[in-house]
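This report concerns only the one structure given below.
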Amino acid sequence: MDFQDKVLVCRDCGKEFLFSAGEQAFYAEKGFQNEPTRCRNCRAARKGGTSTAAPESGASRPLFSAVCSECGKDTQVPFKPTAGKPVYCRDCFQKRGSRTNRRSPAYLD
């Protein structure tokens, strides 16, 4: 299949961005059905959890105070703790290692 560069419009910031022939070939190879709807900057901001409204402001995710379920140490995490679910400090989370099925760390000091 012959791909040609396309200009798309980002659904978040409204700016035009290039969906290159190479990117289209990659999407086809991976079996992706839909074209990207966000520009590179907005995709990166979305993945990083930052707001696309002011990415240059240095805004980061809010932190929530918690008590480690294992050692009792005060810690901060990048998510709102849910009652009844354990929260671990960095050290205890790392000690648990592969015993957890989580894909990303549930801690932040």
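Scheme for the structure tokens: letters A, B, ... for chains in order shown; per-chain residue numbers from 1; ligand numbers from 1 in order shown.
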
Distance table requested - stretch 28-95 of chain A against stretch 11-14 of chain A, cut-off 7 Å, only C-alpha atoms: one row per qualifying residue with the closest atom pair and its distance in Å to one decimal, ordered by chain and rising residue number, as CSV.
residue,atom,partner,partner_atom,distance
A:Thr37,CA,A:Arg11,CA,5.8
A:Arg38,CA,A:Arg11,CA,5.7
A:Cys42,CA,A:Asp12,CA,6.9

Filtering to N, CA and C atoms, could you give me those residues as a short mmCIF file (atom, residue, chain, number, x, y, z; two decimals), in the first residue's frame?
data_model
loop_
_atom_site.label_atom_id
_atom_site.label_comp_id
_atom_site.auth_asym_id
_atom_site.auth_seq_id
_atom_site.Cartn_x
_atom_site.Cartn_y
_atom_site.Cartn_z
N THR A 37 -5.53 11.49 16.64
CA THR A 37 -6.40 12.67 16.75
C THR A 37 -5.72 13.81 17.49
N ARG A 38 -4.52 13.54 18.04
CA ARG A 38 -3.79 14.56 18.79
C ARG A 38 -2.39 14.73 18.20
N CYS A 42 0.44 17.20 22.38
CA CYS A 42 -0.75 16.88 23.16
C CYS A 42 -0.78 15.40 23.56
#
